[in-house]
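Pasting my_file.cif here (mmCIF, C-alpha atoms):
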```cif
data_start
loop_
_atom_site.group_PDB
_atom_site.id
_atom_site.type_symbol
_atom_site.label_atom_id
_atom_site.label_comp_id
_atom_site.auth_asym_id
_atom_site.auth_seq_id
_atom_site.Cartn_x
_atom_site.Cartn_y
_atom_site.Cartn_z
ATOM 1 C CA MET A 1 12.641 5.333 22.298
ATOM 2 C CA ARG A 2 14.739 3.714 19.593
ATOM 3 C CA VAL A 3 12.808 3.914 16.339
ATOM 4 C CA GLY A 4 13.910 1.796 13.378
ATOM 5 C CA VAL A 5 13.341 3.019 9.810
ATOM 6 C CA VAL A 6 13.476 0.398 7.050
ATOM 7 C CA THR A 7 15.333 1.215 3.838
ATOM 8 C CA PHE A 8 14.503 -0.795 0.700
ATOM 9 C CA PRO A 9 16.096 -0.215 -2.689
ATOM 10 C CA GLY A 10 13.884 2.609 -3.979
ATOM 11 C CA SER A 11 12.894 4.047 -0.584
ATOM 12 C CA LEU A 12 12.762 7.850 -0.744
ATOM 13 C CA ASP A 13 11.442 9.075 2.585
ATOM 14 C CA ASP A 14 13.542 6.972 4.932
ATOM 15 C CA HIS A 15 15.848 9.905 5.697
ATOM 16 C CA ASP A 16 12.968 12.284 6.389
ATOM 17 C CA ALA A 17 11.415 9.661 8.673
ATOM 18 C CA ARG A 18 14.708 9.351 10.563
ATOM 19 C CA LEU A 19 15.024 13.140 10.821
ATOM 20 C CA ALA A 20 11.431 13.376 12.054
ATOM 21 C CA VAL A 21 11.834 10.831 14.844
ATOM 22 C CA ALA A 22 15.124 12.462 15.877
ATOM 23 C CA ALA A 23 13.479 15.909 15.841
ATOM 24 C CA CYS A 24 10.771 14.509 18.128
ATOM 25 C CA GLY A 25 13.207 13.255 20.744
ATOM 26 C CA HIS A 26 13.854 9.649 19.730
ATOM 27 C CA GLU A 27 16.919 7.788 18.533
ATOM 28 C CA ASP A 28 16.634 6.865 14.845
ATOM 29 C CA VAL A 29 17.998 3.487 13.824
ATOM 30 C CA PRO A 30 18.529 2.568 10.153
ATOM 31 C CA LEU A 31 17.278 -0.914 9.190
ATOM 32 C CA TRP A 32 18.370 -2.546 5.917
ATOM 33 C CA HIS A 33 15.857 -4.560 3.866
ATOM 34 C CA ALA A 34 18.158 -7.549 3.418
ATOM 35 C CA ASP A 35 18.840 -7.948 7.163
ATOM 36 C CA ASP A 36 16.429 -9.732 9.441
ATOM 37 C CA ASP A 37 17.552 -8.236 12.743
ATOM 38 C CA LEU A 38 15.597 -5.316 14.208
ATOM 39 C CA ALA A 39 18.581 -4.238 16.325
ATOM 40 C CA GLY A 40 16.415 -4.126 19.435
ATOM 41 C CA VAL A 41 14.307 -1.138 18.348
ATOM 42 C CA ASP A 42 11.120 -0.167 20.226
ATOM 43 C CA ALA A 43 9.142 0.847 17.122
ATOM 44 C CA VAL A 44 9.464 0.514 13.333
ATOM 45 C CA ILE A 45 8.592 2.856 10.463
ATOM 46 C CA VAL A 46 8.161 1.491 6.925
ATOM 47 C CA PRO A 47 8.724 4.654 4.891
ATOM 48 C CA GLY A 48 7.523 6.074 1.588
ATOM 49 C CA GLY A 49 9.109 5.685 -1.831
ATOM 50 C CA PHE A 50 9.018 3.096 -4.595
ATOM 51 C CA SER A 51 10.392 -0.051 -2.985
ATOM 52 C CA TYR A 52 12.091 -2.342 -5.513
ATOM 53 C CA GLY A 53 10.728 -0.003 -8.186
ATOM 54 C CA ASP A 54 7.169 -1.033 -7.225
ATOM 55 C CA TYR A 55 7.159 -3.415 -10.181
ATOM 56 C CA LEU A 56 4.141 -5.718 -10.503
ATOM 57 C CA ARG A 57 2.221 -3.826 -7.753
ATOM 58 C CA CYS A 58 3.228 -1.257 -5.160
ATOM 59 C CA GLY A 59 4.786 -3.078 -2.212
ATOM 60 C CA ALA A 60 4.378 -6.529 -3.783
ATOM 61 C CA VAL A 61 8.054 -7.395 -3.714
ATOM 62 C CA ALA A 62 9.016 -5.442 -0.593
ATOM 63 C CA HIS A 63 6.714 -7.308 1.743
ATOM 64 C CA ARG A 64 8.706 -10.477 1.112
ATOM 65 C CA ALA A 65 12.034 -8.892 2.123
ATOM 66 C CA PRO A 66 13.865 -10.548 5.050
ATOM 67 C CA MET A 67 13.473 -7.353 7.107
ATOM 68 C CA MET A 68 9.694 -7.465 6.644
ATOM 69 C CA GLN A 69 9.589 -10.978 8.114
ATOM 70 C CA ALA A 70 11.273 -9.528 11.218
ATOM 71 C CA VAL A 71 8.841 -6.591 11.217
ATOM 72 C CA ARG A 72 5.918 -9.021 11.028
ATOM 73 C CA ARG A 73 7.187 -10.962 14.060
ATOM 74 C CA PHE A 74 7.710 -7.661 15.906
ATOM 75 C CA ALA A 75 4.141 -6.551 15.076
ATOM 76 C CA ASP A 76 2.697 -9.946 16.077
ATOM 77 C CA GLY A 77 4.313 -9.386 19.472
ATOM 78 C CA GLY A 78 2.577 -6.023 19.819
ATOM 79 C CA GLY A 79 5.433 -3.787 18.647
ATOM 80 C CA PRO A 80 4.358 -0.448 17.140
ATOM 81 C CA VAL A 81 4.735 -0.336 13.336
ATOM 82 C CA LEU A 82 3.869 2.667 11.135
ATOM 83 C CA GLY A 83 3.686 2.460 7.348
ATOM 84 C CA ILE A 84 3.675 5.747 5.470
ATOM 85 C CA CYS A 85 2.617 5.923 1.802
ATOM 86 C CA ASN A 86 4.614 3.122 0.138
ATOM 87 C CA GLY A 87 5.017 1.688 3.639
ATOM 88 C CA PHE A 88 1.216 1.573 3.937
ATOM 89 C CA GLN A 89 1.087 -0.255 0.601
ATOM 90 C CA VAL A 90 3.730 -2.717 1.818
ATOM 91 C CA LEU A 91 1.804 -3.461 5.042
ATOM 92 C CA CYS A 92 -1.411 -4.032 3.052
ATOM 93 C CA GLU A 93 0.375 -6.352 0.606
ATOM 94 C CA ALA A 94 1.787 -8.215 3.606
ATOM 95 C CA GLY A 95 -1.715 -8.680 4.989
ATOM 96 C CA MET A 96 -0.678 -6.857 8.171
ATOM 97 C CA LEU A 97 -3.359 -4.245 7.408
ATOM 98 C CA PRO A 98 -6.683 -4.817 5.625
ATOM 99 C CA GLY A 99 -7.456 -3.504 2.144
ATOM 100 C CA ALA A 100 -5.252 -2.235 -0.659
ATOM 101 C CA LEU A 101 -4.155 1.010 -2.308
ATOM 102 C CA LEU A 102 -5.183 1.549 -5.937
ATOM 103 C CA ARG A 103 -4.433 4.019 -8.719
ATOM 104 C CA ASN A 104 -5.826 7.473 -7.838
ATOM 105 C CA ALA A 105 -9.365 7.848 -9.169
ATOM 106 C CA GLY A 106 -8.312 10.986 -11.079
ATOM 107 C CA LEU A 107 -5.276 9.141 -12.567
ATOM 108 C CA ARG A 108 -2.971 12.030 -11.643
ATOM 109 C CA PHE A 109 -0.094 11.958 -9.204
ATOM 110 C CA VAL A 110 -1.209 14.105 -6.265
ATOM 111 C CA CYS A 111 1.257 16.372 -4.464
ATOM 112 C CA ARG A 112 -0.344 18.825 -2.071
ATOM 113 C CA ASP A 113 -1.221 19.500 1.552
ATOM 114 C CA VAL A 114 -4.390 17.736 2.712
ATOM 115 C CA VAL A 115 -6.606 18.352 5.727
ATOM 116 C CA CYS A 116 -7.171 15.176 7.735
ATOM 117 C CA VAL A 117 -8.958 14.268 10.949
ATOM 118 C CA VAL A 118 -7.322 11.999 13.530
ATOM 119 C CA GLU A 119 -10.065 9.534 14.476
ATOM 120 C CA ALA A 120 -8.434 6.915 16.685
ATOM 121 C CA ALA A 121 -5.992 6.740 19.584
ATOM 122 C CA THR A 122 -3.107 4.431 18.696
ATOM 123 C CA PRO A 123 0.561 4.305 19.738
ATOM 124 C CA TRP A 124 1.205 6.480 16.668
ATOM 125 C CA THR A 125 -1.455 9.124 17.337
ATOM 126 C CA ALA A 126 -1.000 9.673 21.063
ATOM 127 C CA GLY A 127 0.217 13.190 20.320
ATOM 128 C CA TYR A 128 -3.245 14.180 19.069
ATOM 129 C CA GLN A 129 -6.724 14.541 20.494
ATOM 130 C CA VAL A 130 -9.221 12.267 18.760
ATOM 131 C CA GLY A 131 -11.128 14.540 16.378
ATOM 132 C CA GLU A 132 -8.158 16.864 15.847
ATOM 133 C CA GLU A 133 -7.718 18.318 12.340
ATOM 134 C CA ILE A 134 -4.209 18.315 10.919
ATOM 135 C CA VAL A 135 -2.644 19.472 7.645
ATOM 136 C CA ILE A 136 0.097 17.254 6.200
ATOM 137 C CA PRO A 137 1.376 16.676 2.648
ATOM 138 C CA ALA A 138 0.150 13.881 0.390
ATOM 139 C CA LYS A 139 2.224 12.786 -2.603
ATOM 140 C CA HIS A 140 1.260 9.613 -4.406
ATOM 141 C CA GLY A 141 -0.123 8.171 -7.615
ATOM 142 C CA GLU A 142 -1.644 5.059 -6.060
ATOM 143 C CA GLY A 143 -3.293 6.062 -2.812
ATOM 144 C CA ARG A 144 -6.944 5.193 -3.318
ATOM 145 C CA TYR A 145 -7.818 3.069 -0.296
ATOM 146 C CA HIS A 146 -10.032 0.103 -1.095
ATOM 147 C CA ALA A 147 -11.558 -2.640 1.012
ATOM 148 C CA SER A 148 -14.810 -4.588 0.786
ATOM 149 C CA ASP A 149 -17.889 -2.979 2.365
ATOM 150 C CA ASP A 150 -17.801 -5.589 5.137
ATOM 151 C CA VAL A 151 -14.213 -4.682 5.981
ATOM 152 C CA LEU A 152 -14.958 -0.943 5.806
ATOM 153 C CA ASP A 153 -17.936 -1.412 8.146
ATOM 154 C CA GLU A 154 -15.765 -3.367 10.553
ATOM 155 C CA LEU A 155 -12.999 -0.731 10.466
ATOM 156 C CA GLU A 156 -15.480 2.048 11.202
ATOM 157 C CA GLY A 157 -17.388 0.026 13.786
ATOM 158 C CA THR A 158 -14.276 -0.852 15.773
ATOM 159 C CA GLY A 159 -12.561 2.536 15.661
ATOM 160 C CA ARG A 160 -9.799 1.434 13.315
ATOM 161 C CA VAL A 161 -10.015 4.343 10.874
ATOM 162 C CA VAL A 162 -7.030 6.242 12.239
ATOM 163 C CA LEU A 163 -6.958 9.115 9.764
ATOM 164 C CA ARG A 164 -9.698 10.423 7.459
ATOM 165 C CA TYR A 165 -9.530 13.127 4.802
ATOM 166 C CA ALA A 166 -11.652 16.083 5.882
ATOM 167 C CA PRO A 167 -14.787 16.603 3.759
ATOM 168 C CA GLY A 168 -13.731 17.845 0.317
ATOM 169 C CA HIS A 169 -10.072 16.920 0.835
ATOM 170 C CA ASN A 170 -10.042 13.333 -0.435
ATOM 171 C CA PRO A 171 -7.285 13.595 -3.082
ATOM 172 C CA ASN A 172 -7.549 10.130 -4.614
ATOM 173 C CA GLY A 173 -11.072 8.688 -4.361
ATOM 174 C CA SER A 174 -10.347 6.599 -1.245
ATOM 175 C CA ALA A 175 -13.339 4.645 0.064
ATOM 176 C CA ARG A 176 -15.152 6.597 2.779
ATOM 177 C CA ASP A 177 -12.389 9.255 2.709
ATOM 178 C CA ILE A 178 -10.049 6.883 4.563
ATOM 179 C CA ALA A 179 -6.452 8.112 4.783
ATOM 180 C CA GLY A 180 -5.152 5.657 7.377
ATOM 181 C CA VAL A 181 -6.154 2.472 9.215
ATOM 182 C CA ALA A 182 -4.981 0.271 12.081
ATOM 183 C CA ASN A 183 -4.876 -3.501 12.582
ATOM 184 C CA ALA A 184 -7.209 -5.133 15.116
ATOM 185 C CA ALA A 185 -4.676 -4.798 17.944
ATOM 186 C CA GLY A 186 -4.026 -1.147 17.101
ATOM 187 C CA ASN A 187 -0.225 -1.385 17.067
ATOM 188 C CA VAL A 188 0.137 -1.477 13.267
ATOM 189 C CA VAL A 189 -0.933 1.727 11.510
ATOM 190 C CA GLY A 190 -0.734 2.754 7.857
ATOM 191 C CA VAL A 191 -1.305 6.273 6.524
ATOM 192 C CA MET A 192 -1.139 7.597 2.963
ATOM 193 C CA PRO A 193 -0.206 11.258 3.671
ATOM 194 C CA HIS A 194 3.201 12.095 5.123
ATOM 195 C CA PRO A 195 3.473 13.228 8.762
ATOM 196 C CA GLU A 196 7.278 12.940 8.564
ATOM 197 C CA HIS A 197 7.366 15.803 6.043
ATOM 198 C CA ALA A 198 5.543 18.165 8.436
ATOM 199 C CA VAL A 199 7.776 18.415 11.484
ATOM 200 C CA ASP A 200 9.824 21.541 10.715
ATOM 201 C CA GLU A 201 8.209 24.987 10.651
ATOM 202 C CA ALA A 202 11.127 26.613 8.832
ATOM 203 C CA LEU A 203 11.254 23.999 6.088
ATOM 204 C CA ILE A 204 7.656 23.651 4.886
ATOM 205 C CA GLY A 205 5.696 25.885 7.223
ATOM 206 C CA GLY A 206 3.800 23.260 9.209
ATOM 207 C CA VAL A 207 4.441 20.934 12.124
ATOM 208 C CA ASP A 208 1.154 19.047 12.245
ATOM 209 C CA GLY A 209 2.925 15.745 11.590
ATOM 210 C CA ARG A 210 4.860 15.820 14.841
ATOM 211 C CA GLY A 211 2.040 14.200 16.827
ATOM 212 C CA PHE A 212 2.789 10.887 15.104
ATOM 213 C CA PHE A 213 6.189 10.818 16.774
ATOM 214 C CA THR A 214 6.258 13.055 19.877
ATOM 215 C CA ASP A 215 4.202 10.851 22.208
ATOM 216 C CA LEU A 216 5.136 7.552 20.630
ATOM 217 C CA ARG A 217 5.036 4.741 23.134
ATOM 218 C CA ALA A 218 4.166 1.086 23.195
ATOM 219 C CA GLY A 219 0.987 -0.311 24.641
ATOM 220 C CA VAL A 220 -1.649 2.318 23.845
ATOM 221 C CA ALA A 221 -4.826 0.449 22.962
ATOM 222 C CA VAL A 222 -6.887 1.339 19.919
ATOM 223 C CA GLY A 223 -10.285 2.970 20.460
ATOM 224 C CA MET B 1 7.635 -27.182 -20.181
ATOM 225 C CA PRO B 2 4.043 -25.882 -20.486
ATOM 226 C CA ARG B 3 3.659 -22.191 -21.241
ATOM 227 C CA VAL B 4 0.880 -20.477 -19.330
ATOM 228 C CA ALA B 5 -0.964 -17.216 -20.048
ATOM 229 C CA ILE B 6 -2.413 -15.384 -17.050
ATOM 230 C CA ASP B 7 -4.881 -12.508 -17.384
ATOM 231 C CA VAL B 8 -5.347 -10.234 -14.386
ATOM 232 C CA LEU B 9 -8.069 -7.613 -13.961
ATOM 233 C CA LEU B 10 -9.301 -5.474 -11.108
ATOM 234 C CA LYS B 11 -12.429 -7.066 -9.660
ATOM 235 C CA ARG B 12 -15.576 -5.940 -11.429
ATOM 236 C CA GLU B 13 -16.880 -3.814 -8.539
ATOM 237 C CA ILE B 14 -13.655 -1.801 -8.333
ATOM 238 C CA LEU B 15 -13.306 1.419 -10.306
ATOM 239 C CA ASP B 16 -10.715 1.150 -13.095
ATOM 240 C CA PRO B 17 -10.004 4.811 -13.900
ATOM 241 C CA GLN B 18 -7.581 3.878 -16.683
ATOM 242 C CA GLY B 19 -10.226 1.784 -18.414
ATOM 243 C CA ARG B 20 -12.766 4.544 -17.997
ATOM 244 C CA ALA B 21 -10.413 7.157 -19.460
ATOM 245 C CA VAL B 22 -9.825 4.984 -22.524
ATOM 246 C CA GLU B 23 -13.546 4.284 -22.852
ATOM 247 C CA GLU B 24 -14.323 7.991 -22.784
ATOM 248 C CA ALA B 25 -11.652 8.692 -25.394
ATOM 249 C CA LEU B 26 -12.896 6.114 -27.910
ATOM 250 C CA PRO B 27 -15.869 7.971 -29.503
ATOM 251 C CA GLY B 28 -13.795 11.127 -29.965
ATOM 252 C CA LEU B 29 -11.194 9.063 -31.823
ATOM 253 C CA GLY B 30 -13.816 7.663 -34.179
ATOM 254 C CA PHE B 31 -14.273 4.247 -32.537
ATOM 255 C CA GLU B 32 -18.007 3.876 -32.014
ATOM 256 C CA GLY B 33 -19.818 1.009 -30.337
ATOM 257 C CA VAL B 34 -16.992 0.032 -27.969
ATOM 258 C CA ARG B 35 -17.731 0.120 -24.276
ATOM 259 C CA ASP B 36 -17.087 -1.238 -20.752
ATOM 260 C CA VAL B 37 -13.280 -1.080 -21.033
ATOM 261 C CA ARG B 38 -11.237 -2.763 -18.292
ATOM 262 C CA ILE B 39 -7.445 -2.658 -18.391
ATOM 263 C CA GLY B 40 -5.300 -5.246 -16.656
ATOM 264 C CA LYS B 41 -2.192 -7.350 -17.059
ATOM 265 C CA HIS B 42 -1.335 -10.274 -19.281
ATOM 266 C CA LEU B 43 1.513 -12.454 -18.060
ATOM 267 C CA GLU B 44 3.101 -15.434 -19.788
ATOM 268 C CA LEU B 45 5.473 -17.843 -18.132
ATOM 269 C CA GLU B 46 6.711 -21.424 -18.218
ATOM 270 C CA VAL B 47 6.117 -23.781 -15.322
ATOM 271 C CA ASP B 48 8.049 -26.947 -14.690
ATOM 272 C CA ALA B 49 4.982 -29.045 -13.810
ATOM 273 C CA GLU B 50 2.044 -30.861 -15.413
ATOM 274 C CA GLY B 51 -1.627 -31.576 -14.646
ATOM 275 C CA ASP B 52 -2.789 -31.141 -11.057
ATOM 276 C CA GLU B 53 0.675 -30.096 -9.950
ATOM 277 C CA LEU B 54 0.702 -27.356 -12.596
ATOM 278 C CA ALA B 55 -2.625 -25.980 -11.346
ATOM 279 C CA GLU B 56 -1.432 -26.118 -7.760
ATOM 280 C CA ARG B 57 1.865 -24.364 -8.493
ATOM 281 C CA LEU B 58 0.133 -21.694 -10.583
ATOM 282 C CA GLU B 59 -2.470 -20.881 -7.995
ATOM 283 C CA GLU B 60 0.264 -20.680 -5.398
ATOM 284 C CA VAL B 61 2.275 -18.129 -7.397
ATOM 285 C CA CYS B 62 -0.814 -16.192 -8.552
ATOM 286 C CA ASP B 63 -2.498 -15.940 -5.142
ATOM 287 C CA GLY B 64 0.743 -15.414 -3.255
ATOM 288 C CA PHE B 65 2.551 -12.952 -5.476
ATOM 289 C CA LEU B 66 1.463 -12.244 -9.046
ATOM 290 C CA THR B 67 -2.002 -10.986 -8.050
ATOM 291 C CA ASN B 68 -3.515 -9.388 -4.962
ATOM 292 C CA PRO B 69 -6.742 -11.291 -4.171
ATOM 293 C CA VAL B 70 -8.076 -8.254 -2.277
ATOM 294 C CA ILE B 71 -8.401 -6.258 -5.493
ATOM 295 C CA GLU B 72 -7.721 -8.521 -8.472
ATOM 296 C CA SER B 73 -9.061 -11.676 -10.082
ATOM 297 C CA TYR B 74 -7.376 -13.749 -12.776
ATOM 298 C CA THR B 75 -7.754 -16.565 -15.253
ATOM 299 C CA TRP B 76 -5.033 -18.795 -16.650
ATOM 300 C CA ARG B 77 -4.663 -21.286 -19.469
ATOM 301 C CA VAL B 78 -1.939 -23.379 -21.043
ATOM 302 C CA ILE B 79 -1.057 -21.989 -24.464
ATOM 303 C CA GLY B 80 0.739 -23.281 -27.524
ATOM 304 C CA GLU B 81 3.713 -21.592 -29.167
ATOM 305 C CA ASP B 82 1.380 -20.025 -31.784
ATOM 306 C CA GLU B 83 -0.856 -18.537 -29.056
ATOM 307 C CA ARG B 84 1.823 -16.351 -27.492
ATOM 308 C CA ALA B 85 0.745 -12.703 -27.340
ATOM 309 C CA ASP B 86 4.291 -11.630 -28.231
ATOM 310 C CA ALA B 87 4.392 -13.753 -31.380
#
```
Transcribe the structure of this file into structure tokens.
Amino acid sequence: MRVGVVTFPGSLDDHDARLAVAACGHEDVPLWHADDDLAGVDAVIVPGGFSYGDYLRCGAVAHRAPMMQAVRRFADGGGPVLGICNGFQVLCEAGMLPGALLRNAGLRFVCRDVVCVVEAATPWTAGYQVGEEIVIPAKHGEGRYHASDDVLDELEGTGRVVLRYAPGHNPNGSARDIAGVANAAGNVVGVMPHPEHAVDEALIGGVDGRGFFTDLRAGVAVG
Amino acid sequence: MPRVAIDVLLKREILDPQGRAVEEALPGLGFEGVRDVRIGKHLELEVDAEGDELAERLEEVCDGFLTNPVIESYTWRVIGEDERADA
């Protein structure tokens, strides 16, 4: 597949995302925030970093970029979109995913490996068994997932919690240990920890992130 | 052009760890009898509109960009030159 990776001013993990999709057998395609053409890609990753400096709120400016309007149209048509870290924040600000990401409950920037459980089958988690435990890095200051109780109940009741911190591994005070969620259709997924940083055994000693990219394909229903 | 002050806070039910940290620091710094601290943002701006149009334009910019209604609530008021917080 051809996988587009959006670069905003202030993106940091766009290159790692491109390396990860290439390492998992796809063609990586750079997408520039000021363009509004997806270059015919089959999937889009909105990567981590501090888009536009994250002034005002994380992702508040980025979600209005011309490229994000194209990504929204792509997602509305069922195209697979993955937001990682800042990308998750951008998708929440855009209203493409429910909830929001707040300042970590402990106020500290977190940078460590976290144990997570994959809880839903989506186009982005087809490389995992539902219930599989994975270890991938988290690095963020504002990763505390928040949504109203009604929304949280709906997410849990409809199998839209894609990734959950294993008991005792919630690094930021996220509601119900949620580390990643999907939209109602299941094609848009946001995760706070970084699968793209865990694809190379020699580099960081873990490859648990590869499952986000290896079996990537369109049209896998959520559930 | 009217000058508007906007105050933004996290909704009451949402944990504000910054506010809590400040609250917990206060007694140790000798400030007794101060509690329930919430920390947010104060914005001031000028809007080229009056009356109903001003309210409409403000709510548009606040709901659409300056605040996130999922997590934040806000109040706004028109202020005079002597009410600026940066006076």
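In plain terms, chain B touches chain A through Pro17, Phe65 and Val70 of chain B, where touching means an atom at most 7 Å away, counting all atoms listed in the file.
The coordinates place CA of Ala65 (chain A) at 27.7 Å from CA of Pro137 (chain A).
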Inset, instruction - Find the distance between CA of Phe213 (chain A) and CA of Cys24 (chain A) and write it in Å to one decimal. - result: 6.0 Å
Legend entry - Among listed residues A:Ala182, A:Ala20, A:Met67, A:Ala202, nearest Thr214 (chain A) (using only C-alpha atoms):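 Nearest to Thr214 (chain A): A:Ala20.
Residues selected in this file by the PyMOL selection byres ((chain A and resi 139) around 6) comprise Val110, Cys111, Ala138 and His140 of chain A.
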Inset, instruction - Find the spatial neighbours of Ala39 (chain A), counting all atoms listed in the file, within a cut-off of 12 Å - ignore same-chain residues fewer than 6 positions away - and output them as a PyMOL selection string. - result: chain A and resi 2-6+28-32+67+70-71+74
Inset, instruction - Taking the file as shown, find all residues satisfying the PyMOL selection byres ((chain B and resi 59) around 12) and write them as a list of chain:residue names. - result: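 After applying the PyMOL selection byres ((chain B and resi 59) around 12), what remains is B:Val4, B:Ile6, B:Val47, B:Asp52, B:Glu53, B:Leu54, B:Ala55, B:Glu56, B:Arg57, B:Leu58, B:Glu60, B:Val61, B:Cys62, B:Asp63, B:Gly64, B:Phe65, B:Leu66, B:Thr67, B:Asn68, B:Pro69, B:Ser73, B:Tyr74, B:Thr75, B:Trp76, B:Arg77.
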Inset, instruction - Could you tell me how far CA of Gly79 (chain A) lies from CA of Val130 (chain A), in Å and to one decimal? - result: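 It comes out at 21.7 Å.
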Centre and edge lengths, as lines of an AutoDock Vina configuration file, for the axis-aligned box enclosing every listed atom of region 86-98 of chain A with 4 Å of padding on each of the six sides, in Å to one decimal?
```
center_x = -0.8
center_y = -2.8
center_z = 4.2
size_x = 19.7
size_y = 19.8
size_z = 16.0
```
Legend entry - For Val8 (chain B), the nearest of the candidates B:Gly80, B:Gly33, B:Gly28, B:Gly40, counting all atoms listed in the file: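 Looking only at the distances to Val8 (chain B), the closest residue turns out to be B:Gly40.
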Legend entry - Residues within 12 Å of Arg160 (chain A), only C-alpha atoms, excluding chain neighbours under 3 positions, as a PyMOL selection string: chain A and resi 97-98+118-122+151-157+163-164+178-191+221-223
Inset, instruction - I need the residue set behind the PyMOL selection byres ((chain B and resi 86) around 12) for this file; please write it as a ChimeraX atom specification. - result: /B:5,42-45,81-85,87
Legend entry - Residues within 10 Å of Asp113 (chain A), all atoms listed in the file, excluding chain neighbours under 5 positions, as a list of chain:residue names: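 Using all atoms listed in the file, the neighbours found are A:Ile134, A:Val135, A:Ile136, A:Pro137, A:Ala138, A:Lys139, A:His169, A:Pro171, A:Pro193, A:His194, A:Ala198, A:Gly206.
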Inset, instruction - Give the answer as one residue: which of B:Ile79, B:Ile39, B:Ala25, B:Val34 has the shortest atom-to-atom distance to Lys11 (chain B), using all atoms listed in the file? - result: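 Ranked by minimum distance to Lys11 (chain B), first place goes to B:Ile39.
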Inset, instruction - Could you give me, as number ranges by chain, the residues that sit within 12 Å of (-7.5, 7.2, -21.2) in the file's coordinates, counting only C-alpha atoms? - result: A: 106-108; B: 16-29, 37-39
